[in-house]
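The file coords_18.cif contains mmCIF, N, CA, C and O atoms:
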```cif
data_entry
loop_
_atom_site.label_atom_id
_atom_site.label_comp_id
_atom_site.auth_asym_id
_atom_site.auth_seq_id
_atom_site.Cartn_x
_atom_site.Cartn_y
_atom_site.Cartn_z
N LYS A 1 -1.16 -20.28 30.83
CA LYS A 1 -0.60 -18.94 30.83
C LYS A 1 -0.64 -18.32 29.42
O LYS A 1 -1.06 -17.19 29.26
N LEU A 2 -0.22 -19.10 28.43
CA LEU A 2 -0.22 -18.60 27.06
C LEU A 2 -1.63 -18.24 26.60
O LEU A 2 -1.84 -17.24 25.94
N GLY A 3 -2.60 -19.05 27.00
CA GLY A 3 -4.00 -18.78 26.64
C GLY A 3 -4.47 -17.44 27.19
O GLY A 3 -5.19 -16.71 26.52
N GLU A 4 -4.05 -17.12 28.42
CA GLU A 4 -4.43 -15.84 29.03
C GLU A 4 -3.87 -14.68 28.21
O GLU A 4 -4.55 -13.69 27.97
N ILE A 5 -2.62 -14.80 27.79
CA ILE A 5 -1.99 -13.72 27.03
C ILE A 5 -2.74 -13.50 25.72
O ILE A 5 -3.08 -12.38 25.38
N SER A 6 -3.01 -14.58 24.99
CA SER A 6 -3.68 -14.40 23.70
C SER A 6 -5.10 -13.87 23.90
O SER A 6 -5.60 -13.11 23.08
N ASP A 7 -5.78 -14.23 24.99
CA ASP A 7 -7.10 -13.67 25.29
C ASP A 7 -7.01 -12.15 25.47
O ASP A 7 -7.83 -11.40 24.96
N LYS A 8 -5.98 -11.70 26.21
CA LYS A 8 -5.81 -10.26 26.44
C LYS A 8 -5.54 -9.54 25.12
O LYS A 8 -6.09 -8.48 24.87
N VAL A 9 -4.71 -10.13 24.28
CA VAL A 9 -4.41 -9.53 22.98
C VAL A 9 -5.68 -9.43 22.15
O VAL A 9 -5.95 -8.41 21.54
N GLN A 10 -6.48 -10.49 22.15
CA GLN A 10 -7.72 -10.48 21.39
C GLN A 10 -8.69 -9.43 21.93
O GLN A 10 -9.34 -8.73 21.17
N GLN A 11 -8.78 -9.31 23.26
CA GLN A 11 -9.66 -8.29 23.84
C GLN A 11 -9.22 -6.90 23.43
O GLN A 11 -10.02 -6.07 23.02
N ARG A 12 -7.90 -6.65 23.51
CA ARG A 12 -7.39 -5.35 23.12
C ARG A 12 -7.69 -5.11 21.64
O ARG A 12 -8.08 -4.04 21.24
N GLY A 13 -7.50 -6.13 20.81
CA GLY A 13 -7.78 -6.03 19.38
C GLY A 13 -9.26 -5.77 19.11
O GLY A 13 -9.61 -5.05 18.20
N ALA A 14 -10.13 -6.36 19.92
CA ALA A 14 -11.58 -6.22 19.71
C ALA A 14 -12.04 -4.79 19.96
O ALA A 14 -12.95 -4.31 19.30
N ASN A 15 -11.40 -4.10 20.91
CA ASN A 15 -11.79 -2.73 21.23
C ASN A 15 -11.06 -1.71 20.37
O ASN A 15 -11.34 -0.53 20.45
N TYR A 16 -10.14 -2.15 19.57
CA TYR A 16 -9.30 -1.27 18.78
C TYR A 16 -10.10 -0.68 17.62
O TYR A 16 -10.76 -1.40 16.89
N THR A 17 -10.04 0.64 17.47
CA THR A 17 -10.83 1.30 16.44
C THR A 17 -9.97 2.04 15.42
O THR A 17 -10.49 2.74 14.57
N GLY A 18 -8.65 1.93 15.51
CA GLY A 18 -7.75 2.63 14.60
C GLY A 18 -7.71 2.00 13.22
O GLY A 18 -8.52 1.13 12.89
N PRO A 19 -6.75 2.42 12.40
CA PRO A 19 -6.64 1.87 11.04
C PRO A 19 -6.31 0.38 11.09
O PRO A 19 -5.67 -0.08 12.02
N ARG A 20 -6.79 -0.34 10.11
CA ARG A 20 -6.46 -1.75 10.00
C ARG A 20 -6.66 -2.18 8.55
O ARG A 20 -7.49 -1.62 7.85
N PRO A 21 -5.88 -3.18 8.12
CA PRO A 21 -6.08 -3.68 6.75
C PRO A 21 -7.42 -4.40 6.64
O PRO A 21 -7.91 -4.95 7.62
N ASP A 22 -8.00 -4.37 5.46
CA ASP A 22 -9.24 -5.09 5.21
C ASP A 22 -8.88 -6.54 4.87
O ASP A 22 -8.28 -6.80 3.83
N PRO A 23 -9.24 -7.49 5.75
CA PRO A 23 -8.85 -8.89 5.51
C PRO A 23 -9.55 -9.50 4.30
O PRO A 23 -9.10 -10.50 3.75
N ASN A 24 -10.65 -8.90 3.84
CA ASN A 24 -11.42 -9.46 2.74
C ASN A 24 -11.05 -8.87 1.38
O ASN A 24 -11.56 -9.30 0.35
N ARG A 25 -10.19 -7.83 1.38
CA ARG A 25 -9.83 -7.20 0.12
C ARG A 25 -8.95 -8.14 -0.69
O ARG A 25 -8.03 -8.75 -0.19
N VAL A 26 -9.25 -8.24 -1.98
CA VAL A 26 -8.44 -9.07 -2.88
C VAL A 26 -7.11 -8.36 -3.12
O VAL A 26 -7.09 -7.18 -3.48
N ARG A 27 -6.02 -9.05 -2.90
CA ARG A 27 -4.69 -8.46 -3.07
C ARG A 27 -4.39 -8.20 -4.54
O ARG A 27 -4.77 -8.99 -5.40
N GLU A 28 -3.69 -7.10 -4.80
CA GLU A 28 -3.30 -6.75 -6.16
C GLU A 28 -1.91 -7.29 -6.46
O GLU A 28 -1.13 -7.59 -5.56
N GLU A 29 -1.60 -7.40 -7.74
CA GLU A 29 -0.35 -8.01 -8.20
C GLU A 29 0.90 -7.41 -7.56
O GLU A 29 1.80 -8.13 -7.15
N LEU A 30 0.97 -6.09 -7.46
CA LEU A 30 2.18 -5.44 -6.97
C LEU A 30 2.33 -5.47 -5.45
O LEU A 30 3.30 -4.97 -4.91
N GLU A 31 1.37 -6.10 -4.76
CA GLU A 31 1.47 -6.18 -3.30
C GLU A 31 2.37 -7.33 -2.84
O GLU A 31 2.65 -7.44 -1.66
N LYS A 32 2.82 -8.15 -3.78
CA LYS A 32 3.70 -9.24 -3.35
C LYS A 32 5.16 -8.81 -3.34
O LYS A 32 6.02 -9.57 -2.97
N TYR A 33 5.43 -7.56 -3.73
CA TYR A 33 6.80 -7.04 -3.78
C TYR A 33 6.99 -5.95 -2.73
O TYR A 33 6.08 -5.16 -2.49
N SER A 34 8.20 -5.86 -2.18
CA SER A 34 8.50 -4.76 -1.26
C SER A 34 8.65 -3.48 -2.08
O SER A 34 8.99 -3.53 -3.27
N LEU A 35 8.40 -2.33 -1.46
CA LEU A 35 8.53 -1.06 -2.16
C LEU A 35 9.95 -0.87 -2.69
O LEU A 35 10.15 -0.29 -3.75
N GLY A 36 10.93 -1.37 -1.96
CA GLY A 36 12.32 -1.23 -2.39
C GLY A 36 12.65 -2.01 -3.65
O GLY A 36 13.67 -1.74 -4.30
N SER A 37 11.81 -2.97 -4.00
CA SER A 37 12.12 -3.82 -5.16
C SER A 37 11.37 -3.41 -6.43
O SER A 37 11.62 -3.95 -7.49
N ILE A 38 10.45 -2.43 -6.31
CA ILE A 38 9.72 -1.97 -7.50
C ILE A 38 10.16 -0.56 -7.84
O ILE A 38 10.63 0.17 -6.98
N LYS A 39 10.03 -0.19 -9.11
CA LYS A 39 10.52 1.10 -9.56
C LYS A 39 9.44 1.85 -10.33
O LYS A 39 8.75 1.26 -11.15
N MET A 40 9.34 3.15 -10.07
CA MET A 40 8.46 4.01 -10.85
C MET A 40 9.22 4.42 -12.11
O MET A 40 10.31 4.99 -12.03
N MET A 41 8.67 4.11 -13.29
CA MET A 41 9.36 4.36 -14.55
C MET A 41 8.86 5.63 -15.26
O MET A 41 9.53 6.14 -16.13
N GLY A 42 7.67 6.08 -14.91
CA GLY A 42 7.12 7.27 -15.56
C GLY A 42 5.63 7.36 -15.33
O GLY A 42 5.07 6.61 -14.54
N THR A 43 5.00 8.30 -16.04
CA THR A 43 3.55 8.50 -15.91
C THR A 43 2.95 8.74 -17.30
O THR A 43 3.67 9.02 -18.25
N PHE A 44 1.64 8.61 -17.37
CA PHE A 44 0.92 8.99 -18.59
C PHE A 44 -0.50 9.36 -18.21
O PHE A 44 -0.98 8.98 -17.14
N ARG A 45 -1.15 10.12 -19.07
CA ARG A 45 -2.54 10.51 -18.81
C ARG A 45 -3.47 9.62 -19.59
O ARG A 45 -3.27 9.37 -20.76
N MET A 46 -4.51 9.16 -18.91
CA MET A 46 -5.52 8.32 -19.54
C MET A 46 -6.80 9.15 -19.59
O MET A 46 -7.13 9.82 -18.63
N GLY A 47 -7.51 9.09 -20.67
CA GLY A 47 -8.77 9.82 -20.74
C GLY A 47 -8.65 11.10 -21.54
O GLY A 47 -9.51 11.94 -21.53
N GLY A 48 -7.51 11.26 -22.21
CA GLY A 48 -7.38 12.34 -23.17
C GLY A 48 -7.13 13.70 -22.57
O GLY A 48 -7.68 14.07 -21.53
N GLY A 49 -6.24 14.46 -23.20
CA GLY A 49 -5.99 15.84 -22.82
C GLY A 49 -5.36 16.00 -21.46
O GLY A 49 -4.96 15.03 -20.83
N SER A 50 -5.29 17.25 -21.01
CA SER A 50 -4.67 17.53 -19.72
C SER A 50 -5.62 17.20 -18.57
O SER A 50 -5.21 17.15 -17.42
N GLY A 51 -6.90 16.99 -18.89
CA GLY A 51 -7.87 16.68 -17.84
C GLY A 51 -7.90 15.20 -17.49
O GLY A 51 -8.57 14.80 -16.55
N GLY A 52 -7.16 14.39 -18.25
CA GLY A 52 -7.16 12.95 -17.99
C GLY A 52 -6.49 12.61 -16.68
O GLY A 52 -5.72 13.40 -16.13
N GLU A 53 -6.79 11.44 -16.18
CA GLU A 53 -6.22 11.01 -14.91
C GLU A 53 -4.78 10.54 -15.10
O GLU A 53 -4.46 9.86 -16.08
N LEU A 54 -3.91 10.91 -14.16
CA LEU A 54 -2.50 10.54 -14.24
C LEU A 54 -2.32 9.11 -13.71
O LEU A 54 -2.77 8.78 -12.62
N TRP A 55 -1.69 8.27 -14.52
CA TRP A 55 -1.35 6.91 -14.13
C TRP A 55 0.16 6.81 -14.00
O TRP A 55 0.89 7.58 -14.63
N ALA A 56 0.63 5.86 -13.21
CA ALA A 56 2.07 5.62 -13.08
C ALA A 56 2.42 4.28 -13.70
O ALA A 56 1.60 3.35 -13.70
N LEU A 57 3.63 4.20 -14.24
CA LEU A 57 4.16 2.94 -14.77
C LEU A 57 5.15 2.40 -13.75
O LEU A 57 6.12 3.07 -13.39
N ILE A 58 4.88 1.19 -13.27
CA ILE A 58 5.69 0.58 -12.22
C ILE A 58 6.34 -0.69 -12.76
O ILE A 58 5.66 -1.57 -13.28
N LEU A 59 7.66 -0.77 -12.59
CA LEU A 59 8.41 -1.95 -13.03
C LEU A 59 8.56 -2.91 -11.86
O LEU A 59 9.12 -2.56 -10.82
N ALA A 60 8.04 -4.13 -12.03
CA ALA A 60 8.16 -5.17 -11.01
C ALA A 60 9.49 -5.90 -11.17
O ALA A 60 10.10 -5.87 -12.24
N PRO A 61 9.95 -6.60 -10.12
CA PRO A 61 11.22 -7.32 -10.20
C PRO A 61 11.25 -8.39 -11.30
O PRO A 61 12.31 -8.75 -11.77
N ASP A 62 10.08 -8.87 -11.71
CA ASP A 62 10.04 -9.89 -12.76
C ASP A 62 10.14 -9.30 -14.17
O ASP A 62 10.02 -10.00 -15.17
N GLY A 63 10.33 -7.96 -14.25
CA GLY A 63 10.51 -7.31 -15.55
C GLY A 63 9.21 -6.84 -16.20
O GLY A 63 9.24 -6.24 -17.27
N VAL A 64 8.07 -7.09 -15.57
CA VAL A 64 6.78 -6.68 -16.12
C VAL A 64 6.48 -5.24 -15.67
O VAL A 64 6.67 -4.90 -14.50
N VAL A 65 6.02 -4.40 -16.60
CA VAL A 65 5.63 -3.04 -16.27
C VAL A 65 4.12 -3.02 -16.05
O VAL A 65 3.35 -3.53 -16.86
N HIS A 66 3.70 -2.43 -14.92
CA HIS A 66 2.28 -2.36 -14.55
C HIS A 66 1.82 -0.91 -14.58
O HIS A 66 2.56 -0.01 -14.23
N ARG A 67 0.55 -0.72 -14.98
CA ARG A 67 -0.08 0.61 -14.90
C ARG A 67 -0.86 0.66 -13.60
O ARG A 67 -1.64 -0.25 -13.31
N VAL A 68 -0.68 1.73 -12.84
CA VAL A 68 -1.44 1.90 -11.60
C VAL A 68 -2.02 3.30 -11.55
O VAL A 68 -1.51 4.23 -12.18
N GLN A 69 -3.09 3.44 -10.80
CA GLN A 69 -3.72 4.74 -10.61
C GLN A 69 -4.07 4.91 -9.14
O GLN A 69 -3.87 4.00 -8.34
N LYS A 70 -4.59 6.09 -8.81
CA LYS A 70 -5.01 6.36 -7.44
C LYS A 70 -5.94 5.24 -6.96
O LYS A 70 -6.77 4.75 -7.73
N ASN A 71 -5.77 4.83 -5.71
CA ASN A 71 -6.55 3.78 -5.04
C ASN A 71 -6.11 2.36 -5.39
O ASN A 71 -6.67 1.41 -4.85
N ASN A 72 -5.12 2.19 -6.29
CA ASN A 72 -4.50 0.86 -6.43
C ASN A 72 -3.58 0.65 -5.22
O ASN A 72 -3.34 1.58 -4.45
N TYR A 73 -3.09 -0.57 -5.08
CA TYR A 73 -2.23 -0.91 -3.94
C TYR A 73 -0.85 -1.34 -4.42
O TYR A 73 -0.72 -1.99 -5.46
N LEU A 74 0.18 -1.00 -3.62
CA LEU A 74 1.57 -1.33 -3.92
C LEU A 74 2.28 -1.78 -2.65
O LEU A 74 2.01 -1.26 -1.57
N GLY A 75 3.22 -2.67 -2.78
CA GLY A 75 4.07 -3.05 -1.65
C GLY A 75 3.39 -4.00 -0.68
O GLY A 75 2.23 -4.35 -0.84
N MET A 76 4.15 -4.41 0.32
CA MET A 76 3.69 -5.45 1.24
C MET A 76 3.00 -4.92 2.48
O MET A 76 2.57 -5.68 3.33
N ASN A 77 2.87 -3.58 2.61
CA ASN A 77 2.26 -3.00 3.80
C ASN A 77 0.92 -2.34 3.50
O ASN A 77 0.61 -1.27 4.02
N HIS A 78 0.11 -2.99 2.66
CA HIS A 78 -1.23 -2.48 2.35
C HIS A 78 -1.15 -1.04 1.86
O HIS A 78 -1.95 -0.19 2.26
N GLY A 79 -0.16 -0.73 1.02
CA GLY A 79 0.07 0.63 0.55
C GLY A 79 -0.93 1.06 -0.51
O GLY A 79 -0.88 0.61 -1.65
N LYS A 80 -1.86 1.92 -0.13
CA LYS A 80 -2.88 2.42 -1.05
C LYS A 80 -2.38 3.72 -1.68
O LYS A 80 -1.92 4.62 -0.96
N ILE A 81 -2.48 3.82 -3.00
CA ILE A 81 -2.01 5.02 -3.69
C ILE A 81 -2.95 6.18 -3.39
O ILE A 81 -4.14 6.13 -3.69
N ALA A 82 -2.38 7.23 -2.77
CA ALA A 82 -3.17 8.41 -2.40
C ALA A 82 -3.10 9.47 -3.48
O ALA A 82 -4.00 10.30 -3.60
N GLY A 83 -2.03 9.45 -4.26
CA GLY A 83 -1.89 10.44 -5.32
C GLY A 83 -0.70 10.11 -6.20
O GLY A 83 0.23 9.43 -5.78
N ILE A 84 -0.75 10.61 -7.45
CA ILE A 84 0.34 10.40 -8.40
C ILE A 84 0.70 11.75 -9.00
O ILE A 84 -0.17 12.50 -9.43
N SER A 85 2.00 12.06 -8.99
CA SER A 85 2.50 13.23 -9.70
C SER A 85 3.52 12.74 -10.72
O SER A 85 3.83 11.55 -10.75
N GLU A 86 4.07 13.66 -11.52
CA GLU A 86 5.05 13.25 -12.53
C GLU A 86 6.30 12.65 -11.87
O GLU A 86 7.00 11.86 -12.47
N GLN A 87 6.57 13.06 -10.63
CA GLN A 87 7.81 12.66 -9.97
C GLN A 87 7.66 11.53 -8.95
O GLN A 87 8.64 10.87 -8.62
N ARG A 88 6.46 11.31 -8.42
CA ARG A 88 6.33 10.28 -7.39
C ARG A 88 4.91 9.76 -7.21
O ARG A 88 3.94 10.40 -7.59
N VAL A 89 4.85 8.60 -6.59
CA VAL A 89 3.59 7.97 -6.21
C VAL A 89 3.50 8.05 -4.69
O VAL A 89 4.37 7.56 -3.98
N GLU A 90 2.45 8.71 -4.19
CA GLU A 90 2.25 8.87 -2.74
C GLU A 90 1.40 7.70 -2.23
O GLU A 90 0.38 7.37 -2.84
N LEU A 91 1.83 7.11 -1.12
CA LEU A 91 1.13 5.95 -0.57
C LEU A 91 0.73 6.18 0.89
O LEU A 91 1.43 6.89 1.62
N LYS A 92 -0.36 5.56 1.29
CA LYS A 92 -0.72 5.43 2.70
C LYS A 92 -0.59 3.96 3.03
O LYS A 92 -1.36 3.14 2.53
N GLU A 93 0.37 3.62 3.86
CA GLU A 93 0.56 2.22 4.25
C GLU A 93 -0.06 1.99 5.62
O GLU A 93 -0.24 2.91 6.40
N ILE A 94 -0.40 0.73 5.89
CA ILE A 94 -0.90 0.33 7.20
C ILE A 94 0.08 -0.70 7.74
O ILE A 94 0.22 -1.79 7.18
N VAL A 95 0.81 -0.32 8.80
CA VAL A 95 1.87 -1.18 9.33
C VAL A 95 1.53 -1.61 10.76
O VAL A 95 0.86 -0.90 11.49
N PRO A 96 2.00 -2.81 11.16
CA PRO A 96 1.74 -3.29 12.52
C PRO A 96 2.34 -2.34 13.55
O PRO A 96 3.41 -1.79 13.35
N ASP A 97 1.60 -2.16 14.65
CA ASP A 97 2.05 -1.28 15.73
C ASP A 97 1.74 -1.99 17.05
O ASP A 97 0.96 -1.52 17.86
N GLY A 98 2.32 -3.16 17.24
CA GLY A 98 2.03 -3.97 18.43
C GLY A 98 0.95 -4.98 18.13
O GLY A 98 0.32 -4.92 17.07
N PRO A 99 0.72 -5.91 19.05
CA PRO A 99 -0.27 -6.98 18.80
C PRO A 99 -1.67 -6.45 18.56
O PRO A 99 -2.19 -5.71 19.39
N GLY A 100 -2.25 -6.80 17.42
CA GLY A 100 -3.63 -6.41 17.12
C GLY A 100 -3.81 -4.93 16.85
O GLY A 100 -4.93 -4.43 16.82
N ARG A 101 -2.72 -4.19 16.69
CA ARG A 101 -2.82 -2.74 16.46
C ARG A 101 -2.09 -2.38 15.18
O ARG A 101 -1.14 -3.03 14.80
N TRP A 102 -2.53 -1.29 14.55
CA TRP A 102 -1.95 -0.85 13.28
C TRP A 102 -1.80 0.65 13.30
O TRP A 102 -2.48 1.35 14.05
N GLN A 103 -0.92 1.16 12.45
CA GLN A 103 -0.83 2.61 12.28
C GLN A 103 -0.64 2.94 10.82
O GLN A 103 -0.07 2.16 10.06
N GLU A 104 -1.16 4.11 10.43
CA GLU A 104 -0.98 4.58 9.06
C GLU A 104 0.36 5.27 8.94
O GLU A 104 0.82 5.92 9.87
N ARG A 105 0.97 5.11 7.78
CA ARG A 105 2.27 5.73 7.54
C ARG A 105 2.30 6.22 6.10
O ARG A 105 1.88 5.51 5.20
N ASP A 106 2.79 7.45 5.92
CA ASP A 106 2.95 7.97 4.57
C ASP A 106 4.23 7.41 3.98
O ASP A 106 5.25 7.32 4.66
N SER A 107 4.17 7.05 2.72
CA SER A 107 5.33 6.52 2.03
C SER A 107 5.26 6.97 0.59
O SER A 107 4.25 7.52 0.15
N PHE A 108 6.31 6.78 -0.16
CA PHE A 108 6.26 7.16 -1.57
C PHE A 108 7.28 6.38 -2.38
O PHE A 108 8.21 5.79 -1.84
N LEU A 109 7.05 6.39 -3.66
CA LEU A 109 7.95 5.79 -4.64
C LEU A 109 8.32 6.93 -5.59
O LEU A 109 7.43 7.57 -6.14
N SER A 110 9.62 7.19 -5.75
CA SER A 110 10.06 8.29 -6.62
C SER A 110 10.39 7.77 -8.01
O SER A 110 10.78 6.62 -8.17
N LEU A 111 10.29 8.68 -8.96
CA LEU A 111 10.65 8.36 -10.34
C LEU A 111 12.12 7.94 -10.38
O LEU A 111 12.97 8.60 -9.84
N THR A 112 12.39 6.81 -11.04
CA THR A 112 13.75 6.32 -11.17
C THR A 112 14.50 7.16 -12.21
O THR A 112 13.99 7.37 -13.31
N GLN A 113 15.65 7.66 -11.83
CA GLN A 113 16.45 8.50 -12.75
C GLN A 113 17.24 7.64 -13.72
O GLN A 113 17.73 6.61 -13.37
#
```

Represent the structure contained in this file as structure tokens.
Amino acid sequence: KLGEISDKVQQRGANYTGPRPDPNRVREELEKYSLGSIKMMGTFRMGGGSGGELWALILAPDGVVHRVQKNNYLGMNHGKIAGISEQRVELKEIVPDGPGRWQERDSFLSLTQ
């Protein structure tokens, strides 16, 4: 009976075309922490002048400050940074939505006051 159930789940997963995490992507340092445990400390521009790219400074629970930019990953839900402003880091997370299914969710980290 259990084998039948897992076969059905696998079949449903095989036909699934929605968002899903990339199993081969190398995990980044800040992905081992929950979003609630990390803090945005500020931003800075890299590349000189006002045309430089905005980076965020993220404080991990171990006390280490990390620099992140667009397309880096944060948190435990495959949170890819979609954008950075002076006040927040915008994320697209991929969260489980039933067996073998996933959904995208917008999330963010605000500047710590």

From the list A:Val68, A:Phe44, A:Pro23, A:Asn15, the nearest residue to Glu86 in chain A using all atoms listed in the file is A:Phe44

I'd like the neighbourhood of Trp55 in chain A as a CSV table (one decimal) with N, CA, C and O atoms, in the frame of the given file, where a residue qualifies if any of its atoms comes within 8 Å (using all atoms listed in the file), though same-chain residues fewer than 6 positions away should be ignored.
```csv
chain,number,residue,atom,x,y,z
A,42,GLY,N,7.7,6.1,-14.9
A,42,GLY,CA,7.1,7.3,-15.6
A,42,GLY,C,5.6,7.4,-15.3
A,42,GLY,O,5.1,6.6,-14.5
A,43,THR,N,5.0,8.3,-16.0
A,43,THR,CA,3.6,8.5,-15.9
A,43,THR,C,3.0,8.7,-17.3
A,43,THR,O,3.7,9.0,-18.2
A,44,PHE,N,1.6,8.6,-17.4
A,44,PHE,CA,0.9,9.0,-18.6
A,44,PHE,C,-0.5,9.4,-18.2
A,44,PHE,O,-1.0,9.0,-17.1
A,45,ARG,N,-1.2,10.1,-19.1
A,45,ARG,CA,-2.5,10.5,-18.8
A,45,ARG,C,-3.5,9.6,-19.6
A,45,ARG,O,-3.3,9.4,-20.8
A,46,MET,N,-4.5,9.2,-18.9
A,46,MET,CA,-5.5,8.3,-19.5
A,46,MET,C,-6.8,9.2,-19.6
A,46,MET,O,-7.1,9.8,-18.6
A,66,HIS,N,3.7,-2.4,-14.9
A,66,HIS,CA,2.3,-2.4,-14.6
A,66,HIS,C,1.8,-0.9,-14.6
A,66,HIS,O,2.6,0.0,-14.2
A,67,ARG,N,0.6,-0.7,-15.0
A,67,ARG,CA,-0.1,0.6,-14.9
A,67,ARG,C,-0.9,0.7,-13.6
A,67,ARG,O,-1.6,-0.2,-13.3
A,68,VAL,N,-0.7,1.7,-12.8
A,68,VAL,CA,-1.4,1.9,-11.6
A,68,VAL,C,-2.0,3.3,-11.6
A,68,VAL,O,-1.5,4.2,-12.2
A,69,GLN,N,-3.1,3.4,-10.8
A,69,GLN,CA,-3.7,4.7,-10.6
A,69,GLN,C,-4.1,4.9,-9.1
A,69,GLN,O,-3.9,4.0,-8.3
A,70,LYS,N,-4.6,6.1,-8.8
A,70,LYS,CA,-5.0,6.4,-7.4
A,70,LYS,C,-5.9,5.2,-7.0
A,70,LYS,O,-6.8,4.8,-7.7
A,84,ILE,N,-0.8,10.6,-7.4
A,84,ILE,CA,0.3,10.4,-8.4
A,84,ILE,C,0.7,11.8,-9.0
A,84,ILE,O,-0.2,12.5,-9.4
A,85,SER,N,2.0,12.1,-9.0
A,85,SER,CA,2.5,13.2,-9.7
A,85,SER,C,3.5,12.7,-10.7
A,85,SER,O,3.8,11.6,-10.8
A,86,GLU,N,4.1,13.7,-11.5
A,86,GLU,CA,5.0,13.2,-12.5
A,86,GLU,C,6.3,12.6,-11.9
A,86,GLU,O,7.0,11.9,-12.5
```

One number please: CA of Glu104 in chain A to CA of Pro19 in chain A, in Å, one decimal. 6.6 Å

Which of chain A DSSP labels strand (DSSP E), written as a PyMOL selection string: chain A and resi 39-46+53-59+65-68+73-74+79-84+88-96+102-110

Evaluate the PyMOL selection byres ((chain A and resi 107) around 5) and record the selected residues as a list in words, following the chain and residue labels used in the document.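 On this input, the PyMOL selection byres ((chain A and resi 107) around 5) captures Val89, Glu90, Leu91, Lys92, Arg105, Asp106, Phe108 and Leu109 of chain A.
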
Using DSSP secondary structure from the backbone, list all helix (DSSP H, G or I) positions within chain A, as a PyMOL selection string. chain A and resi 2-15+29-32+35-37

Rank nothing, just name the residue among A:Gly98, A:Ser110, A:Lys39, A:Arg25 nearest to Gly63 in chain A, using only C-alpha atoms.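 The closest residue to Gly63 in chain A is A:Lys39.
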